[in-house]
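Visitor: Here it is, the structure, as structure tokens.
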Amino acid sequence: MATQAKRGRVAVTRQGTVAGYGLVAQERVEPGELLLAVPRAALLSQRTCSIGGLLERERGALQSPSGWVPLLLALLHELQAPASRWSPYFALWPELGRLGHPMFWPAEERRRLLQGTGVPEAVDRDLASIRHEFSSIVLPFMEAHPDLFSPRVRSPELYHQLVALVMAYSFQEPLEEEEDEKEPNPPLMVPAADLLNHVANHNANLEYSPNCLRMVATQPIPKGHEIFNTYGQMANWQLIHMYGFVEPYPDNTDDTADIQMVTVREAALQGTKAEAERLLLYERWDYLCKLEMVGEEGAFVIGQEEVLTEEELTTTLKVLCMPAEEFREFKDQDGWGNDEKEEDSLTMRNIPKLKESWRQLLRDSVLLTLKTYATDLKAEQDLLSNKAGYAKLSWREQQALQVRYGQKMILHQLLELTG
């Protein structure tokens, strides 16, 4: 398994990195320079592993909502194979029993520290899916092939750990533009490239070519500085959920806060008085569901500069706030078509220009969202400004505090703009 790094220019080290192993520049690197190349033969996937043929033949039986089962079975097999050519790669993995994902935190601690952030609910869904996948697909497959899977890897605990590892360390090759209609490519493990840590302001990027995967610098990187890849535009709640870490405030420029769609409905219901008004509001909501603008499980996503779900939130505010006669006309005409106006744009700087009824509904929705947290913004600010007190917090407490604080800062910004 040969991975080629730019000789003498970069080094794998634990020194001077934000977490565990990382890649550090040994001398100045310029944008466009190749940092390392991973031959496709070195990739570990359901196709390249030593049981790839079997996994392909059984593909239909191994389908699951996550799409990860074949790769996970490949890892379970290669981990216990005495002569696996990926053994040197496994030696660089983090200790599986010490992964920092909230799915490994005690349930009470997870709820207490991350209440209101959306993480506990996401973890509950993950754990239910992992248990179902293991018992209904993975374990029966391993028991049907005892010569390929020793008893020690038929463990729900090990499977749980490998799911977290794949969640944090796997890559998914993007489809070409002409392949948009195809199913997404399956996940794969990319030795060396997965050593790079993530920040929003990254300085390297992974490029896919026919023969290899190439990590290329995107910014000047001074000597001694860590080289960072990007895992995508990830909010802190997504980083802690999927990767087990966060970026401290205000470094994560991709951070977001969610307002649950049903919270906007609840805020609108607060303004109704008569039963007829309530019934009309539910009619409006049902129509928004028909338009696929809202759903019982959905959320409006608020970024630091703009609303990321702008079409959905704009349409929701219009429909819930318009006069009854206008709604009847709107519904009869099956919507307006594209009549978006500049003053309806949901950038942060434009929020104060919105119609008063829109701003009031948005404000009420923010206030209801803030009530879902166990602590208020002042308490978080006091903790962050007290360096000695912050240092006494556990690692999990510090990470959770950063998630909560970043979200509340976005929500309070929206509160000020709607006031």
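Starting from 1 in every chain, residues are counted up; chains themselves are A, B, ... following the order of the structure tokens, and ligands are numbered from 1 as listed.
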As a ChimeraX atom specification, list the residues of range 294-355 of chain A assigned to alpha helix (DSSP H) by DSSP on the backbone atoms of this structure.

Guide: /A:310-321,324-332

Visitor: Just the residues within 12 Å of Asn211 in chain A, please, counting only C-alpha atoms, with nothing from its chain fewer than 4 positions along; format it as JSON, numbers by chain.

Guide: {"A": [37, 38, 39, 40, 41, 42, 43, 207]}

Visitor: Can you tell me which residues surround Glu56 in chain A at a distance of at most 9 Å, considering only C-alpha atoms, apart from same-chain residues fewer than 4 positions away, and format the answer as a list in words?

Guide: Gln46, Arg47, Ile51, Gly52, Gly60 and Pro70 of chain A

Visitor: At what distance in Å, to one decimal, does CA of Pro222 in chain A lie from CA of Val29 in chain A?

Guide: 6.5 Å

Visitor: Using only C-alpha atoms, determine which residues lie at most 12 Å from range 286-300 of chain A, disregarding the query and same-chain residues fewer than 3 positions distant; provide the list as an mmCIF file with C-alpha atoms, in the first residue's frame.

Guide:
data_model
loop_
_atom_site.group_PDB
_atom_site.id
_atom_site.type_symbol
_atom_site.label_atom_id
_atom_site.label_comp_id
_atom_site.auth_asym_id
_atom_site.auth_seq_id
_atom_site.Cartn_x
_atom_site.Cartn_y
_atom_site.Cartn_z
ATOM 1 C CA THR A 117 -28.883 21.626 19.424
ATOM 2 C CA GLY A 118 -30.468 18.801 17.421
ATOM 3 C CA GLU A 121 -32.239 13.494 18.256
ATOM 4 C CA ALA A 122 -29.767 12.761 15.427
ATOM 5 C CA THR A 256 -25.731 27.394 11.472
ATOM 6 C CA ALA A 257 -28.750 27.312 13.765
ATOM 7 C CA ASP A 258 -31.975 25.459 13.025
ATOM 8 C CA ILE A 259 -35.536 26.606 13.587
ATOM 9 C CA GLN A 260 -37.789 23.568 13.434
ATOM 10 C CA MET A 261 -40.551 24.012 10.866
ATOM 11 C CA VAL A 262 -43.197 22.967 13.380
ATOM 12 C CA THR A 263 -41.893 25.711 15.693
ATOM 13 C CA VAL A 264 -42.911 28.332 13.108
ATOM 14 C CA ARG A 265 -46.347 26.724 13.001
ATOM 15 C CA GLU A 266 -46.511 26.851 16.799
ATOM 16 C CA LEU A 279 -58.489 26.009 11.258
ATOM 17 C CA LEU A 280 -57.408 28.431 8.538
ATOM 18 C CA LEU A 281 -53.832 28.299 9.811
ATOM 19 C CA TYR A 282 -53.822 24.497 9.628
ATOM 20 C CA GLU A 283 -55.221 24.769 6.098
ATOM 21 C CA GLY A 303 -26.465 30.783 8.580
ATOM 22 C CA GLU A 306 -28.195 34.364 5.203
ATOM 23 C CA VAL A 307 -30.974 31.814 5.508
ATOM 24 C CA LEU A 308 -29.787 28.654 3.747
ATOM 25 C CA THR A 309 -33.346 27.386 3.257
ATOM 26 C CA GLU A 310 -34.453 30.713 1.803
ATOM 27 C CA GLU A 311 -37.162 29.477 -0.584
ATOM 28 C CA GLU A 312 -38.810 27.328 2.071
ATOM 29 C CA LEU A 313 -38.809 30.015 4.771
ATOM 30 C CA THR A 314 -39.843 32.834 2.413
ATOM 31 C CA THR A 315 -42.802 30.823 1.130
ATOM 32 C CA THR A 316 -43.785 29.799 4.651
ATOM 33 C CA LEU A 317 -43.749 33.380 5.941
ATOM 34 C CA LYS A 318 -45.762 34.574 2.913
ATOM 35 C CA VAL A 319 -48.429 31.894 3.221
ATOM 36 C CA LEU A 320 -48.822 32.079 7.001
ATOM 37 C CA PHE A 327 -54.495 33.003 0.559
ATOM 38 C CA ARG A 328 -57.697 31.771 -1.126
ATOM 39 C CA PHE A 330 -53.076 32.046 -3.982
ATOM 40 C CA LYS A 331 -54.389 28.527 -3.378
ATOM 41 C CA ASP A 332 -56.825 28.683 -6.305
ATOM 42 C CA ASP A 334 -51.784 27.012 -7.167
ATOM 43 C CA GLY A 335 -49.154 29.503 -6.071
ATOM 44 C CA TRP A 336 -47.668 32.649 -7.583
ATOM 45 C CA GLY A 337 -44.944 31.222 -9.675
ATOM 46 C CA LEU A 346 -33.584 36.551 3.497
ATOM 47 C CA LEU A 362 -39.812 35.042 12.680
ATOM 48 C CA SER A 365 -40.196 31.441 16.236
ATOM 49 C CA VAL A 366 -36.692 32.388 17.428
ATOM 50 C CA THR A 369 -36.404 27.959 19.681
ATOM 51 C CA LEU A 411 -30.450 33.129 16.855
#

Visitor: Could you pull out the strand (DSSP E or B) residues of range 77-312 of chain A from DSSP and send them as a ChimeraX atom specification?

Guide: /A:171,188-189,197-198,204-208,212-217,221,226-229,256-260,299-303,306-307

Visitor: Rounded to one decimal, what separation in Å do you get between CA of Asp126 in chain A and CA of His101 in chain A?

Guide: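 Rounded to one decimal, the two atoms are 11.5 Å apart.
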
Visitor: Which neighbours of range 141-147 of chain A fall inside 10 Å, counting only C-alpha atoms, when residues of the same chain fewer than 6 positions from it are skipped, and could you give them as number ranges by chain?

Guide: A: 58, 61-62, 73, 76-77, 134-135, 153-154

Visitor: For range 102-115 of chain A, find every residue with an atom within 10 Å (counting only C-alpha atoms), except residues of its own chain fewer than 3 positions away, and show them as a PyMOL selection string.

Guide: chain A and resi 97-99+118-124+126-127+160-161+164+237+240-245+372-375+396-401+403-404

Visitor: Include N, CA and C atoms and write out the residues we just selected as an mmCIF file, in the first residue's frame.

Guide:
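Everything below was put into part_14.cif:
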data_model
loop_
_atom_site.group_PDB
_atom_site.id
_atom_site.type_symbol
_atom_site.label_atom_id
_atom_site.label_comp_id
_atom_site.auth_asym_id
_atom_site.auth_seq_id
_atom_site.Cartn_x
_atom_site.Cartn_y
_atom_site.Cartn_z
ATOM 1 N N GLY A 97 -11.947 2.507 20.938
ATOM 2 C CA GLY A 97 -12.660 2.633 22.206
ATOM 3 C C GLY A 97 -12.659 4.048 22.776
ATOM 4 N N ARG A 98 -11.971 4.986 22.095
ATOM 5 C CA ARG A 98 -11.880 6.355 22.629
ATOM 6 C C ARG A 98 -12.387 7.404 21.632
ATOM 7 N N LEU A 99 -13.248 7.006 20.728
ATOM 8 C CA LEU A 99 -13.816 7.964 19.776
ATOM 9 C C LEU A 99 -14.702 8.955 20.522
ATOM 10 N N GLY A 118 -30.122 19.761 18.467
ATOM 11 C CA GLY A 118 -30.468 18.801 17.421
ATOM 12 C C GLY A 118 -29.621 17.552 17.440
ATOM 13 N N VAL A 119 -28.523 17.551 18.210
ATOM 14 C CA VAL A 119 -27.621 16.400 18.230
ATOM 15 C C VAL A 119 -28.246 15.179 18.913
ATOM 16 N N PRO A 120 -28.857 15.313 20.099
ATOM 17 C CA PRO A 120 -29.417 14.105 20.728
ATOM 18 C C PRO A 120 -30.422 13.377 19.839
ATOM 19 N N GLU A 121 -31.249 14.120 19.135
ATOM 20 C CA GLU A 121 -32.239 13.494 18.256
ATOM 21 C C GLU A 121 -31.553 12.775 17.089
ATOM 22 N N ALA A 122 -30.505 13.395 16.530
ATOM 23 C CA ALA A 122 -29.767 12.761 15.427
ATOM 24 C C ALA A 122 -29.079 11.487 15.898
ATOM 25 N N VAL A 123 -28.513 11.515 17.107
ATOM 26 C CA VAL A 123 -27.847 10.332 17.654
ATOM 27 C C VAL A 123 -28.854 9.220 17.917
ATOM 28 N N ASP A 124 -30.009 9.555 18.443
ATOM 29 C CA ASP A 124 -31.036 8.531 18.697
ATOM 30 C C ASP A 124 -31.411 7.825 17.389
ATOM 31 N N ASP A 126 -29.470 7.542 14.744
ATOM 32 C CA ASP A 126 -28.301 6.744 14.361
ATOM 33 C C ASP A 126 -28.267 5.419 15.110
ATOM 34 N N LEU A 127 -28.444 5.478 16.426
ATOM 35 C CA LEU A 127 -28.329 4.276 17.243
ATOM 36 C C LEU A 127 -29.393 3.255 16.880
ATOM 37 N N HIS A 160 -20.580 -0.787 16.000
ATOM 38 C CA HIS A 160 -20.932 0.578 16.406
ATOM 39 C C HIS A 160 -19.718 1.502 16.240
ATOM 40 N N GLN A 161 -18.550 1.044 16.690
ATOM 41 C CA GLN A 161 -17.329 1.849 16.593
ATOM 42 C C GLN A 161 -16.923 2.073 15.134
ATOM 43 N N ALA A 164 -18.988 4.739 13.445
ATOM 44 C CA ALA A 164 -18.493 6.074 13.794
ATOM 45 C C ALA A 164 -17.220 6.398 13.010
ATOM 46 N N TRP A 237 -22.792 21.618 15.030
ATOM 47 C CA TRP A 237 -23.574 20.465 15.499
ATOM 48 C C TRP A 237 -23.338 19.262 14.591
ATOM 49 N N ILE A 240 -19.682 17.828 15.547
ATOM 50 C CA ILE A 240 -19.650 17.023 16.778
ATOM 51 C C ILE A 240 -20.392 15.706 16.570
ATOM 52 N N HIS A 241 -21.487 15.753 15.825
ATOM 53 C CA HIS A 241 -22.291 14.560 15.588
ATOM 54 C C HIS A 241 -21.548 13.539 14.734
ATOM 55 N N MET A 242 -20.943 13.982 13.637
ATOM 56 C CA MET A 242 -20.348 13.056 12.678
ATOM 57 C C MET A 242 -18.860 12.804 12.889
ATOM 58 N N TYR A 243 -18.152 13.791 13.466
ATOM 59 C CA TYR A 243 -16.695 13.683 13.558
ATOM 60 C C TYR A 243 -16.161 13.726 14.983
ATOM 61 N N GLY A 244 -16.992 14.143 15.929
ATOM 62 C CA GLY A 244 -16.570 14.116 17.324
ATOM 63 C C GLY A 244 -15.742 15.310 17.761
ATOM 64 N N PHE A 245 -15.837 16.453 17.047
ATOM 65 C CA PHE A 245 -15.127 17.663 17.465
ATOM 66 C C PHE A 245 -15.869 18.874 16.928
ATOM 67 N N THR A 372 -35.811 26.003 23.952
ATOM 68 C CA THR A 372 -35.497 24.574 23.943
ATOM 69 C C THR A 372 -34.144 24.265 24.573
ATOM 70 N N TYR A 373 -33.291 25.291 24.730
ATOM 71 C CA TYR A 373 -31.990 25.085 25.372
ATOM 72 C C TYR A 373 -32.148 25.108 26.886
ATOM 73 N N ALA A 374 -31.253 24.417 27.576
ATOM 74 C CA ALA A 374 -31.316 24.366 29.043
ATOM 75 C C ALA A 374 -30.722 25.614 29.681
ATOM 76 N N THR A 375 -29.895 26.357 28.940
ATOM 77 C CA THR A 375 -29.243 27.555 29.481
ATOM 78 C C THR A 375 -29.438 28.720 28.513
ATOM 79 N N ARG A 396 -15.876 17.161 26.863
ATOM 80 C CA ARG A 396 -17.240 17.106 26.323
ATOM 81 C C ARG A 396 -18.005 18.380 26.655
ATOM 82 N N GLU A 397 -17.837 18.896 27.848
ATOM 83 C CA GLU A 397 -18.519 20.131 28.236
ATOM 84 C C GLU A 397 -18.057 21.306 27.388
ATOM 85 N N GLN A 398 -16.763 21.358 27.092
ATOM 86 C CA GLN A 398 -16.241 22.436 26.251
ATOM 87 C C GLN A 398 -16.792 22.344 24.827
ATOM 88 N N GLN A 399 -16.790 21.129 24.266
ATOM 89 C CA GLN A 399 -17.290 20.953 22.906
ATOM 90 C C GLN A 399 -18.771 21.320 22.809
ATOM 91 N N ALA A 400 -19.556 20.849 23.771
ATOM 92 C CA ALA A 400 -20.994 21.123 23.762
ATOM 93 C C ALA A 400 -21.267 22.616 23.938
ATOM 94 N N LEU A 401 -20.488 23.264 24.780
ATOM 95 C CA LEU A 401 -20.641 24.703 24.994
ATOM 96 C C LEU A 401 -20.425 25.469 23.688
ATOM 97 N N VAL A 403 -20.897 24.365 20.657
ATOM 98 C CA VAL A 403 -22.037 24.119 19.769
ATOM 99 C C VAL A 403 -23.204 25.022 20.161
ATOM 100 N N ARG A 404 -23.544 25.014 21.448
ATOM 101 C CA ARG A 404 -24.695 25.800 21.924
ATOM 102 C C ARG A 404 -24.466 27.289 21.696
#

Visitor: Rounded to one decimal in Å, what is the spacing between CA of Tyr89 in chain A and CA of Ala19 in chain A?

Guide: 17.9 Å

Visitor: Identify, on the basis of only C-alpha atoms, every residue whose closest approach to range 185-190 of chain A does not exceed 10 Å; exclude the query and any residue fewer than 6 positions from it along the same chain; express the result as number ranges by chain.

Guide: A: 3, 38-40, 42-48, 67-72, 75, 89, 165-167, 169-175, 213

Visitor: Which is closest to Leu414 in chain A among A:Pro151, A:Pro65, A:Gly389, A:Pro352, if we use only C-alpha atoms?

Guide: A:Pro352
